[in-house]
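Have a look at my_file-v8.txt; it's compact mmCIF, C-alpha atoms and all ligand atoms:
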```txt
# COMPACT_ATOMS: atom_id res chain seq x y z
CA MET A 157 26.42 51.64 85.35
CA LYS A 158 23.74 54.10 86.56
CA ILE A 159 23.95 54.20 90.35
CA VAL A 160 21.51 56.37 92.33
CA VAL A 161 22.80 57.50 95.72
CA ILE A 162 19.94 58.39 98.07
CA GLY A 163 21.44 60.86 100.55
CA GLY A 164 24.04 61.74 97.91
CA SER A 165 24.55 65.22 99.40
CA GLY A 166 25.47 63.87 102.86
CA LEU A 167 28.84 63.16 104.47
CA ILE A 168 29.20 59.65 103.03
CA GLY A 169 26.94 60.20 100.00
CA SER A 170 28.94 63.09 98.53
CA LYS A 171 32.23 61.18 98.85
CA LEU A 172 30.62 58.07 97.37
CA VAL A 173 29.25 59.92 94.32
CA THR A 174 32.72 61.38 93.62
CA LYS A 175 34.41 57.98 93.90
CA LEU A 176 31.86 56.22 91.67
CA ARG A 177 32.23 58.93 89.01
CA GLU A 178 36.03 58.60 89.19
CA HIS A 179 35.52 54.93 88.35
CA GLY A 180 33.46 55.82 85.28
CA HIS A 181 29.97 55.19 86.64
CA GLU A 182 26.95 57.42 86.13
CA ALA A 183 26.42 58.29 89.79
CA ILE A 184 23.40 60.45 90.64
CA ALA A 185 23.25 62.30 93.97
CA ALA A 186 19.61 62.18 95.06
CA SER A 187 18.23 64.04 98.08
CA PRO A 188 15.56 66.64 98.91
CA ASN A 189 18.05 69.32 97.80
CA SER A 190 17.90 67.90 94.28
CA GLY A 191 14.14 67.20 94.30
CA VAL A 192 14.25 63.54 95.39
CA ASN A 193 12.54 62.74 98.68
CA SER A 194 12.51 59.09 99.74
CA LEU A 195 10.09 59.88 102.58
CA THR A 196 7.35 61.31 100.34
CA GLY A 197 8.32 59.43 97.16
CA GLU A 198 8.77 62.72 95.25
CA GLY A 199 11.13 62.33 92.29
CA LEU A 200 11.92 58.64 92.95
CA ALA A 201 10.28 57.19 89.82
CA GLU A 202 12.14 59.68 87.60
CA VAL A 203 15.58 59.33 89.18
CA LEU A 204 15.45 55.52 89.32
CA ARG A 205 14.58 55.13 85.62
CA GLY A 206 17.35 53.04 84.03
CA ALA A 207 19.26 52.61 87.30
CA SER A 208 21.04 49.31 87.98
CA VAL A 209 21.92 50.03 91.61
CA VAL A 210 20.42 52.15 94.41
CA VAL A 211 22.58 53.01 97.40
CA ASP A 212 20.81 54.35 100.49
CA VAL A 213 23.13 56.48 102.63
CA SER A 214 20.40 58.85 103.79
CA ASN A 215 19.80 59.72 107.42
CA SER A 216 16.79 61.00 109.31
CA PRO A 217 16.83 64.74 110.08
CA SER A 218 15.31 63.92 113.50
CA TRP A 219 16.59 61.16 115.81
CA GLU A 220 13.51 61.33 118.07
CA ASP A 221 12.25 57.73 118.48
CA SER A 222 9.02 57.86 116.44
CA ALA A 223 10.37 60.32 113.82
CA VAL A 224 13.44 58.22 113.03
CA LEU A 225 11.40 55.00 112.90
CA ASN A 226 8.93 56.63 110.52
CA PHE A 227 11.82 57.96 108.38
CA PHE A 228 13.59 54.63 107.86
CA GLU A 229 10.40 52.55 107.53
CA THR A 230 8.64 54.86 105.08
CA SER A 231 11.75 55.74 103.04
CA THR A 232 12.80 52.11 102.75
CA ARG A 233 9.29 51.01 101.69
CA ASN A 234 9.33 53.73 99.01
CA LEU A 235 12.81 52.80 97.77
CA LEU A 236 11.84 49.13 97.53
CA LYS A 237 8.54 49.89 95.76
CA TYR A 238 9.93 52.39 93.23
CA GLY A 239 13.12 50.33 92.90
CA ALA A 240 11.19 47.18 91.98
CA GLU A 241 9.07 49.14 89.46
CA ALA A 242 12.26 50.51 87.84
CA GLY A 243 13.85 47.05 87.65
CA VAL A 244 16.73 47.90 90.01
CA LYS A 245 19.08 44.91 90.36
CA HIS A 246 20.90 45.75 93.60
CA LEU A 247 19.92 47.76 96.66
CA VAL A 248 22.75 48.73 99.01
CA ALA A 249 22.11 50.29 102.42
CA LEU A 250 24.51 51.67 104.98
CA SER A 251 23.90 50.65 108.59
CA VAL A 252 25.96 50.27 111.73
CA VAL A 253 28.10 47.45 113.17
CA GLY A 254 26.27 45.85 116.11
CA THR A 255 22.85 47.20 115.09
CA GLN A 256 21.00 43.98 116.00
CA GLN A 257 22.35 44.20 119.59
CA LEU A 258 21.38 47.86 120.04
CA SER A 259 17.59 47.57 120.13
CA SER A 260 17.31 49.47 123.42
CA SER A 261 17.94 52.62 121.31
CA GLY A 262 15.14 54.22 119.28
CA TYR A 263 17.62 55.12 116.53
CA PHE A 264 18.82 51.53 116.24
CA ARG A 265 15.27 50.13 116.35
CA ALA A 266 14.73 52.24 113.22
CA LYS A 267 17.88 50.84 111.59
CA ILE A 268 16.76 47.28 112.50
CA ALA A 269 13.37 48.01 110.85
CA GLN A 270 15.15 49.36 107.74
CA GLU A 271 17.30 46.23 107.48
CA GLN A 272 14.31 43.93 108.03
CA LEU A 273 12.35 45.53 105.18
CA ILE A 274 15.33 45.21 102.83
CA LYS A 275 15.89 41.54 103.77
CA SER A 276 12.21 40.71 103.12
CA SER A 277 12.12 42.37 99.71
CA PRO A 278 12.63 40.51 96.42
CA ILE A 279 15.31 42.99 95.26
CA PRO A 280 18.85 41.55 95.66
CA TYR A 281 20.62 43.54 98.38
CA SER A 282 23.79 44.18 100.35
CA ILE A 283 23.76 45.81 103.79
CA VAL A 284 27.04 47.47 104.75
CA HIS A 285 27.64 47.67 108.50
CA ALA A 286 30.19 50.39 109.25
CA THR A 287 31.71 51.36 112.57
CA GLN A 288 31.49 54.94 113.91
CA PHE A 289 32.97 57.63 111.65
CA PHE A 290 35.91 59.74 112.93
CA GLU A 291 33.84 62.72 111.78
CA PHE A 292 31.10 61.67 114.24
CA ILE A 293 33.25 61.46 117.39
CA LYS A 294 32.28 64.95 118.55
CA GLY A 295 28.65 64.05 117.71
CA ILE A 296 28.95 61.13 120.14
CA ALA A 297 29.77 63.65 122.86
CA ASP A 298 26.78 65.78 121.84
CA ILE A 299 24.33 62.88 122.20
CA SER A 300 25.84 61.71 125.51
CA MET A 301 25.31 64.83 127.62
CA LYS A 302 23.92 65.01 131.16
CA ASP A 303 24.14 68.17 133.30
CA GLY A 304 26.78 69.68 131.00
CA LYS A 305 29.09 66.65 131.07
CA VAL A 306 29.63 63.76 128.65
CA TYR A 307 28.87 60.30 130.09
CA LEU A 308 30.10 57.29 128.14
CA PRO A 309 30.79 53.61 128.82
CA SER A 310 34.47 52.67 128.50
CA VAL A 311 33.76 50.01 125.85
CA LEU A 312 35.90 49.17 122.82
CA PHE A 313 35.15 50.55 119.37
CA GLN A 314 36.97 50.63 116.04
CA PRO A 315 36.07 53.89 114.28
CA MET A 316 36.95 54.76 110.68
CA ALA A 317 37.33 57.71 108.31
CA ALA A 318 34.25 58.69 106.29
CA ASP A 319 36.45 58.46 103.20
CA ASP A 320 37.11 54.76 103.92
CA VAL A 321 33.38 54.22 104.56
CA ALA A 322 32.60 55.67 101.13
CA SER A 323 35.26 53.46 99.50
CA GLY A 324 33.85 50.38 101.27
CA VAL A 325 30.27 51.15 100.25
CA GLY A 326 31.38 51.92 96.68
CA ARG A 327 33.16 48.57 96.38
CA VAL A 328 30.01 46.76 97.51
CA ALA A 329 27.79 48.83 95.18
CA VAL A 330 29.70 47.76 92.06
CA SER A 331 29.91 44.09 93.10
CA THR A 332 27.39 41.25 93.04
CA PRO A 333 24.72 41.52 95.78
CA VAL A 334 25.64 39.45 98.86
CA ASN A 335 22.05 39.22 100.15
CA GLY A 336 23.51 39.68 103.62
CA ILE A 337 25.76 41.95 105.63
CA VAL A 338 29.30 43.17 104.84
CA GLU A 339 31.15 44.67 107.80
CA ILE A 340 33.69 47.48 107.46
CA GLY A 341 35.73 49.10 110.22
CA GLY A 342 38.81 51.13 111.11
CA PRO A 343 42.36 49.82 111.54
CA GLU A 344 42.60 50.36 115.35
CA GLN A 345 40.55 49.83 118.49
CA PHE A 346 40.02 52.52 121.11
CA ARG A 347 38.03 52.97 124.33
CA LEU A 348 34.94 55.06 123.53
CA ASP A 349 35.34 57.51 126.43
CA GLU A 350 39.08 57.93 125.80
CA LEU A 351 38.85 58.82 122.11
CA VAL A 352 35.93 61.20 122.66
CA ARG A 353 37.98 62.89 125.42
CA ARG A 354 40.99 63.19 123.07
CA ARG A 355 38.88 64.62 120.27
CA LEU A 356 37.26 67.24 122.51
CA ILE A 357 40.69 68.34 123.76
CA GLN A 358 41.88 68.66 120.12
CA LEU A 359 38.84 70.82 119.40
CA ASN A 360 39.47 72.99 122.49
CA ASP A 361 36.07 71.82 123.75
CA ALA A 362 36.16 72.06 127.55
CA ARG A 363 33.46 69.48 128.25
CA GLU A 364 34.46 66.80 130.75
CA VAL A 365 34.09 63.16 129.63
CA ILE A 366 33.17 60.76 132.42
CA ALA A 367 33.60 57.00 132.07
CA ASP A 368 30.40 55.49 133.42
CA PRO A 369 29.72 51.74 133.09
CA ASN A 370 25.96 52.45 133.18
CA ALA A 371 26.04 55.13 130.47
CA ARG A 372 24.53 54.27 127.10
CA TYR A 373 25.73 54.70 123.52
CA SER A 374 23.06 56.56 121.51
CA GLY A 375 20.46 55.35 124.03
CA ALA A 376 21.56 51.70 123.83
CA GLU A 377 23.13 49.47 126.46
CA VAL A 378 26.46 48.27 125.07
CA GLY A 379 28.88 45.57 126.17
CA GLU A 380 32.67 45.57 125.96
CA ARG A 381 32.69 44.30 122.33
CA THR A 382 29.20 45.22 120.97
CA LEU A 383 30.57 48.01 118.74
CA LEU A 384 33.45 45.95 117.30
CA PRO A 385 33.24 44.37 113.84
CA GLY A 386 33.83 40.64 113.41
CA LYS A 387 37.04 39.04 112.15
CA ASP A 388 35.89 39.07 108.50
CA ALA A 389 35.41 42.85 108.43
CA ARG A 390 37.16 44.79 105.67
CA LEU A 391 39.34 47.38 107.40
CA GLY A 392 40.01 50.91 106.17
CA GLU A 393 43.60 52.14 106.06
CA THR A 394 43.27 55.57 107.64
CA ARG A 395 44.49 55.71 111.24
CA PHE A 396 43.04 58.29 113.61
CA GLU A 397 46.32 60.21 113.94
CA THR A 398 46.68 60.34 110.15
CA TRP A 399 43.09 61.51 109.73
CA LEU A 400 43.76 64.36 112.16
CA THR A 401 46.36 65.76 109.75
CA GLN A 402 43.91 65.71 106.83
CA PRO A 403 41.60 68.55 105.78
CA ALA A 404 38.59 66.34 106.73
CA ALA A 405 39.45 66.65 110.43
CA LYS A 406 39.65 70.44 110.14
CA VAL A 407 36.36 70.61 108.23
CA ALA A 408 34.68 68.40 110.85
CA ALA A 409 36.08 70.67 113.55
CA ALA A 410 34.74 73.78 111.84
CA ALA A 411 31.32 72.28 111.14
CA HIS A 412 30.54 71.20 114.70
N1 LIG B 501 27.56 58.39 112.15
C1 LIG B 501 28.16 57.22 112.19
O1 LIG B 501 29.19 57.04 112.88
C2 LIG B 501 27.59 56.07 111.40
C3 LIG B 501 28.21 54.82 111.47
C4 LIG B 501 27.76 53.79 110.66
C5 LIG B 501 26.68 54.01 109.80
N2 LIG B 501 26.06 55.24 109.75
C6 LIG B 501 24.95 55.43 108.81
O2 LIG B 501 25.41 56.23 107.72
C7 LIG B 501 24.29 56.78 107.05
C8 LIG B 501 24.65 58.13 106.46
O3 LIG B 501 25.14 59.00 107.45
P1 LIG B 501 25.75 60.44 107.10
O4 LIG B 501 26.41 60.91 108.35
O5 LIG B 501 26.53 60.39 105.82
O6 LIG B 501 24.43 61.29 106.86
P2 LIG B 501 24.30 62.87 106.68
O7 LIG B 501 25.60 63.53 106.37
O8 LIG B 501 23.49 63.39 107.82
O9 LIG B 501 23.43 62.98 105.36
C9 LIG B 501 22.10 62.60 105.33
C10 LIG B 501 21.63 62.57 103.90
O10 LIG B 501 20.27 62.11 103.92
C11 LIG B 501 19.55 62.95 103.05
N3 LIG B 501 18.13 62.95 103.36
C12 LIG B 501 17.51 63.46 104.46
N4 LIG B 501 16.16 63.33 104.33
C13 LIG B 501 15.96 62.71 103.14
C14 LIG B 501 14.79 62.33 102.42
N5 LIG B 501 13.56 62.55 102.90
N6 LIG B 501 14.95 61.75 101.20
C15 LIG B 501 16.19 61.54 100.67
N7 LIG B 501 17.33 61.88 101.30
C16 LIG B 501 17.21 62.47 102.50
C17 LIG B 501 20.18 64.34 103.22
O11 LIG B 501 19.79 65.15 102.11
P3 LIG B 501 19.76 66.78 102.14
O12 LIG B 501 21.20 67.20 102.17
O13 LIG B 501 19.08 67.15 100.87
O14 LIG B 501 19.00 67.16 103.37
C18 LIG B 501 21.65 63.95 103.21
O15 LIG B 501 22.09 63.78 101.88
C19 LIG B 501 23.13 56.74 108.05
O16 LIG B 501 22.15 55.87 107.60
C20 LIG B 501 23.76 56.20 109.34
O17 LIG B 501 22.89 55.33 110.04
C21 LIG B 501 26.50 56.25 110.52
```

Written as structure tokens, how would this file's structure read?
Amino acid sequence: MKIVVIGGSGLIGSKLVTKLREHGHEAIAASPNSGVNSLTGEGLAEVLRGASVVVDVSNSPSWEDSAVLNFFETSTRNLLKYGAEAGVKHLVALSVVGTQQLSSSGYFRAKIAQEQLIKSSPIPYSIVHATQFFEFIKGIADISMKDGKVYLPSVLFQPMAADDVASGVGRVAVSTPVNGIVEIGGPEQFRLDELVRRRLIQLNDAREVIADPNARYSGAEVGERTLLPGKDARLGETRFETWLTQPAAKVAAAAH
């Protein structure tokens, strides 16, 4: 099957392309680096020719409210338009568990807009809602800074390894479209402030993490269970402590 991965050079995209190829599929990594730009439409008609499935695991380079909204709205419109013209039979997009409850965040308003466009299109689709990636835990600290300290609510979350995210998305991509949402998550729950604190200590990052019930997650108000997947979620196998022993944790440490 020809499967085009938009954002195929990214954290999830590159792992997904490798896994799909290992399973014998013709997986194409598409991104501006390889001349395919979903925002401008450049290269989309060519890369989608003969494709059965398109997987969108791209992300906006800017998370500023209007920039990220423009990215997901315009890119998704282009993918749906060029996808329909190419006769694509399944569009898969990666989004985040709890997205519908996170509309006080500009980033999540953009993800809600992306999902809405996909749901209204005639192309059969599957939206994968993943929990936070282990690789992103330091990034959570970076987007939660005030006066040099990290402020986070002590809510529950159930993060997962990027490798398990890619496996979960790959499984959905080669299956029949669900025309709905599939949730995937990690095997264990943690308190958001506690795991970020642990990760910063592991990285010898001296920033203090303060549990603050009024702090937001990525600009959104969150409740105790907003970031948790439901009971039907497919859970990845990799535990946080196991992930720490893997090269991925070292790479993530070096990259950030
Ligand atoms: N972070 C989390 O914890 C989390 C949790 C659940 C879901 N998600 C979702 O996962 C998705 C992927 O995240 P990620 O961390 O894997 O992303 P990432 O590593 O930042 O990669 C982003 C990808 O998007 C591509 N891209 C950027 N602009 C593009 C454009 N105009 N046209 C086509 N491709 C473009 C990049 O291509 P170049 O390399 O060529 O620039 C890159 O391949 C996001 O949609 C995010 O919402 C994230």

Find the spatial neighbours of segment 344-347 of chain A, counting only C-alpha atoms, within a cut-off of 9 Å - ignore same-chain residues fewer than 4 positions away - and output them as a ChimeraX atom specification.
/A:309-316,351-352,384,395-396

Atom CA of Ile366 of chain A to atom CA of Arg353 of chain A: how many Å, to one decimal?
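Separating atom CA of Ile366 of chain A from atom CA of Arg353 of chain A is a distance of 8.8 Å.
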
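Note that the spacing between atom CA of Gln288 of chain A and atom CA of Ser216 of chain A amounts to 16.6 Å.
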
Taking (29.2, 70.2, 130.4) in the file's coordinates as the center, which residues reach within 9 Å of it, counting only C-alpha atoms, put as a VMD selection string?
chain A and resid 301 to 306 362 to 365

As lines of an AutoDock Vina configuration file, please: the centre and edge lengths in Å, to one decimal, of an axis-aligned box enclosing every listed atom of segment 389-400 of chain A with 8 Å added on each side.
```
center_x = 41.0
center_y = 53.6
center_z = 109.8
size_x = 27.3
size_y = 37.5
size_z = 24.3
```

As a list in words, please: every protein or nucleic acid residue near ligand LIG 501 (chain B) (cut-off 6 Å, counting all atoms listed in the file).
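Counting all atoms listed in the file, the residues within 6 Å of ligand LIG 501 (chain B) come out as Ile162, Gly163, Gly164, Ser165, Gly166, Leu167, Ile168, Gly169, Ser187, Pro188, Asn189, Val192, Asn193, Ser194, Leu195, Val213, Ser214, Asn215, Ser216, Pro217, Leu250, Ser251, Val252, Ala286, Thr287, Gln288, Phe289 and Phe292 of chain A.
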
Polymer residues at most 7 Å from segment 272-283 of chain A, only C-alpha atoms, same-chain spacing of 3 or more positions, as an MDAnalysis selection string:
chainID A and resid 240 245:251 268:269 333:338

With N, CA and C atoms as the target, complete segment 277-313 of chain A and hand it back as a PDB file, in the coordinates of the input.
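And here is the file that came out, part-v1.pdb:
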```pdb
ATOM      1  N   SER A 277      12.532  41.957 101.053  1.00  0.00           N
ATOM      2  CA  SER A 277      12.120  42.370  99.710  1.00  0.00           C
ATOM      3  C   SER A 277      12.705  41.444  98.649  1.00  0.00           C
ATOM      4  N   PRO A 278      12.071  41.360  97.487  1.00  0.00           N
ATOM      5  CA  PRO A 278      12.630  40.510  96.420  1.00  0.00           C
ATOM      6  C   PRO A 278      13.841  41.116  95.716  1.00  0.00           C
ATOM      7  N   ILE A 279      14.154  42.386  95.948  1.00  0.00           N
ATOM      8  CA  ILE A 279      15.310  42.990  95.260  1.00  0.00           C
ATOM      9  C   ILE A 279      16.607  42.466  95.906  1.00  0.00           C
ATOM     10  N   PRO A 280      17.560  41.970  95.089  1.00  0.00           N
ATOM     11  CA  PRO A 280      18.850  41.550  95.660  1.00  0.00           C
ATOM     12  C   PRO A 280      19.497  42.726  96.398  1.00  0.00           C
ATOM     13  N   TYR A 281      20.152  42.441  97.526  1.00  0.00           N
ATOM     14  CA  TYR A 281      20.620  43.540  98.380  1.00  0.00           C
ATOM     15  C   TYR A 281      21.980  43.250  99.000  1.00  0.00           C
ATOM     16  N   SER A 282      22.605  44.297  99.489  1.00  0.00           N
ATOM     17  CA  SER A 282      23.790  44.180 100.350  1.00  0.00           C
ATOM     18  C   SER A 282      23.624  45.236 101.434  1.00  0.00           C
ATOM     19  N   ILE A 283      23.777  44.846 102.685  1.00  0.00           N
ATOM     20  CA  ILE A 283      23.760  45.810 103.790  1.00  0.00           C
ATOM     21  C   ILE A 283      25.190  45.969 104.277  1.00  0.00           C
ATOM     22  N   VAL A 284      25.677  47.206 104.265  1.00  0.00           N
ATOM     23  CA  VAL A 284      27.040  47.470 104.750  1.00  0.00           C
ATOM     24  C   VAL A 284      26.924  47.950 106.190  1.00  0.00           C
ATOM     25  N   HIS A 285      27.571  47.236 107.096  1.00  0.00           N
ATOM     26  CA  HIS A 285      27.640  47.670 108.500  1.00  0.00           C
ATOM     27  C   HIS A 285      28.982  48.341 108.711  1.00  0.00           C
ATOM     28  N   ALA A 286      28.950  49.659 108.986  1.00  0.00           N
ATOM     29  CA  ALA A 286      30.190  50.390 109.250  1.00  0.00           C
ATOM     30  C   ALA A 286      30.286  50.701 110.736  1.00  0.00           C
ATOM     31  N   THR A 287      31.519  50.891 111.201  1.00  0.00           N
ATOM     32  CA  THR A 287      31.710  51.360 112.570  1.00  0.00           C
ATOM     33  C   THR A 287      31.538  52.887 112.595  1.00  0.00           C
ATOM     34  N   GLN A 288      31.677  53.492 113.764  1.00  0.00           N
ATOM     35  CA  GLN A 288      31.490  54.940 113.910  1.00  0.00           C
ATOM     36  C   GLN A 288      32.518  55.690 113.058  1.00  0.00           C
ATOM     37  N   PHE A 289      32.072  56.823 112.480  1.00  0.00           N
ATOM     38  CA  PHE A 289      32.970  57.630 111.650  1.00  0.00           C
ATOM     39  C   PHE A 289      33.813  58.532 112.552  1.00  0.00           C
ATOM     40  N   PHE A 290      35.098  58.761 112.185  1.00  0.00           N
ATOM     41  CA  PHE A 290      35.910  59.740 112.930  1.00  0.00           C
ATOM     42  C   PHE A 290      35.184  61.086 112.988  1.00  0.00           C
ATOM     43  N   GLU A 291      34.524  61.429 111.874  1.00  0.00           N
ATOM     44  CA  GLU A 291      33.840  62.720 111.780  1.00  0.00           C
ATOM     45  C   GLU A 291      32.700  62.835 112.787  1.00  0.00           C
ATOM     46  N   PHE A 292      32.253  61.680 113.337  1.00  0.00           N
ATOM     47  CA  PHE A 292      31.100  61.670 114.240  1.00  0.00           C
ATOM     48  C   PHE A 292      31.514  61.656 115.708  1.00  0.00           C
ATOM     49  N   ILE A 293      32.817  61.644 115.995  1.00  0.00           N
ATOM     50  CA  ILE A 293      33.250  61.460 117.390  1.00  0.00           C
ATOM     51  C   ILE A 293      32.766  62.609 118.284  1.00  0.00           C
ATOM     52  N   LYS A 294      32.813  63.841 117.746  1.00  0.00           N
ATOM     53  CA  LYS A 294      32.280  64.950 118.550  1.00  0.00           C
ATOM     54  C   LYS A 294      30.757  64.806 118.694  1.00  0.00           C
ATOM     55  N   GLY A 295      30.104  64.291 117.646  1.00  0.00           N
ATOM     56  CA  GLY A 295      28.650  64.050 117.710  1.00  0.00           C
ATOM     57  C   GLY A 295      28.295  63.065 118.808  1.00  0.00           C
ATOM     58  N   ILE A 296      29.201  62.095 119.057  1.00  0.00           N
ATOM     59  CA  ILE A 296      28.950  61.130 120.140  1.00  0.00           C
ATOM     60  C   ILE A 296      28.902  61.868 121.474  1.00  0.00           C
ATOM     61  N   ALA A 297      29.807  62.840 121.635  1.00  0.00           N
ATOM     62  CA  ALA A 297      29.770  63.650 122.860  1.00  0.00           C
ATOM     63  C   ALA A 297      28.426  64.387 122.954  1.00  0.00           C
ATOM     64  N   ASP A 298      28.008  64.968 121.837  1.00  0.00           N
ATOM     65  CA  ASP A 298      26.780  65.780 121.840  1.00  0.00           C
ATOM     66  C   ASP A 298      25.547  64.975 122.246  1.00  0.00           C
ATOM     67  N   ILE A 299      25.515  63.686 121.873  1.00  0.00           N
ATOM     68  CA  ILE A 299      24.330  62.880 122.200  1.00  0.00           C
ATOM     69  C   ILE A 299      24.493  62.137 123.529  1.00  0.00           C
ATOM     70  N   SER A 300      25.575  62.431 124.255  1.00  0.00           N
ATOM     71  CA  SER A 300      25.840  61.710 125.510  1.00  0.00           C
ATOM     72  C   SER A 300      25.917  62.657 126.704  1.00  0.00           C
ATOM     73  N   MET A 301      25.200  63.783 126.611  1.00  0.00           N
ATOM     74  CA  MET A 301      25.310  64.830 127.620  1.00  0.00           C
ATOM     75  C   MET A 301      24.311  64.657 128.759  1.00  0.00           C
ATOM     76  N   LYS A 302      24.794  64.926 129.985  1.00  0.00           N
ATOM     77  CA  LYS A 302      23.920  65.010 131.160  1.00  0.00           C
ATOM     78  C   LYS A 302      24.502  66.092 132.069  1.00  0.00           C
ATOM     79  N   ASP A 303      23.705  67.072 132.420  1.00  0.00           N
ATOM     80  CA  ASP A 303      24.140  68.170 133.300  1.00  0.00           C
ATOM     81  C   ASP A 303      25.467  68.791 132.837  1.00  0.00           C
ATOM     82  N   GLY A 304      25.604  68.990 131.525  1.00  0.00           N
ATOM     83  CA  GLY A 304      26.780  69.680 131.000  1.00  0.00           C
ATOM     84  C   GLY A 304      28.019  68.824 130.856  1.00  0.00           C
ATOM     85  N   LYS A 305      27.930  67.528 131.209  1.00  0.00           N
ATOM     86  CA  LYS A 305      29.090  66.650 131.070  1.00  0.00           C
ATOM     87  C   LYS A 305      28.748  65.482 130.132  1.00  0.00           C
ATOM     88  N   VAL A 306      29.812  64.874 129.589  1.00  0.00           N
ATOM     89  CA  VAL A 306      29.630  63.760 128.650  1.00  0.00           C
ATOM     90  C   VAL A 306      29.803  62.455 129.424  1.00  0.00           C
ATOM     91  N   TYR A 307      28.790  61.596 129.398  1.00  0.00           N
ATOM     92  CA  TYR A 307      28.870  60.300 130.090  1.00  0.00           C
ATOM     93  C   TYR A 307      28.903  59.187 129.056  1.00  0.00           C
ATOM     94  N   LEU A 308      29.964  58.374 129.114  1.00  0.00           N
ATOM     95  CA  LEU A 308      30.100  57.290 128.140  1.00  0.00           C
ATOM     96  C   LEU A 308      30.632  56.027 128.810  1.00  0.00           C
ATOM     97  N   PRO A 309      30.197  54.849 128.313  1.00  0.00           N
ATOM     98  CA  PRO A 309      30.790  53.610 128.820  1.00  0.00           C
ATOM     99  C   PRO A 309      32.178  53.442 128.222  1.00  0.00           C
ATOM    100  N   SER A 310      33.097  52.810 128.979  1.00  0.00           N
ATOM    101  CA  SER A 310      34.470  52.670 128.500  1.00  0.00           C
ATOM    102  C   SER A 310      34.612  51.377 127.680  1.00  0.00           C
ATOM    103  N   VAL A 311      33.741  51.236 126.668  1.00  0.00           N
ATOM    104  CA  VAL A 311      33.760  50.010 125.850  1.00  0.00           C
ATOM    105  C   VAL A 311      34.694  50.201 124.653  1.00  0.00           C
ATOM    106  N   LEU A 312      35.044  49.088 124.014  1.00  0.00           N
ATOM    107  CA  LEU A 312      35.900  49.170 122.820  1.00  0.00           C
ATOM    108  C   LEU A 312      35.095  49.570 121.601  1.00  0.00           C
ATOM    109  N   PHE A 313      35.720  50.315 120.698  1.00  0.00           N
ATOM    110  CA  PHE A 313      35.150  50.550 119.370  1.00  0.00           C
ATOM    111  C   PHE A 313      36.280  50.718 118.363  1.00  0.00           C
TER     112      PHE A 313
END
```
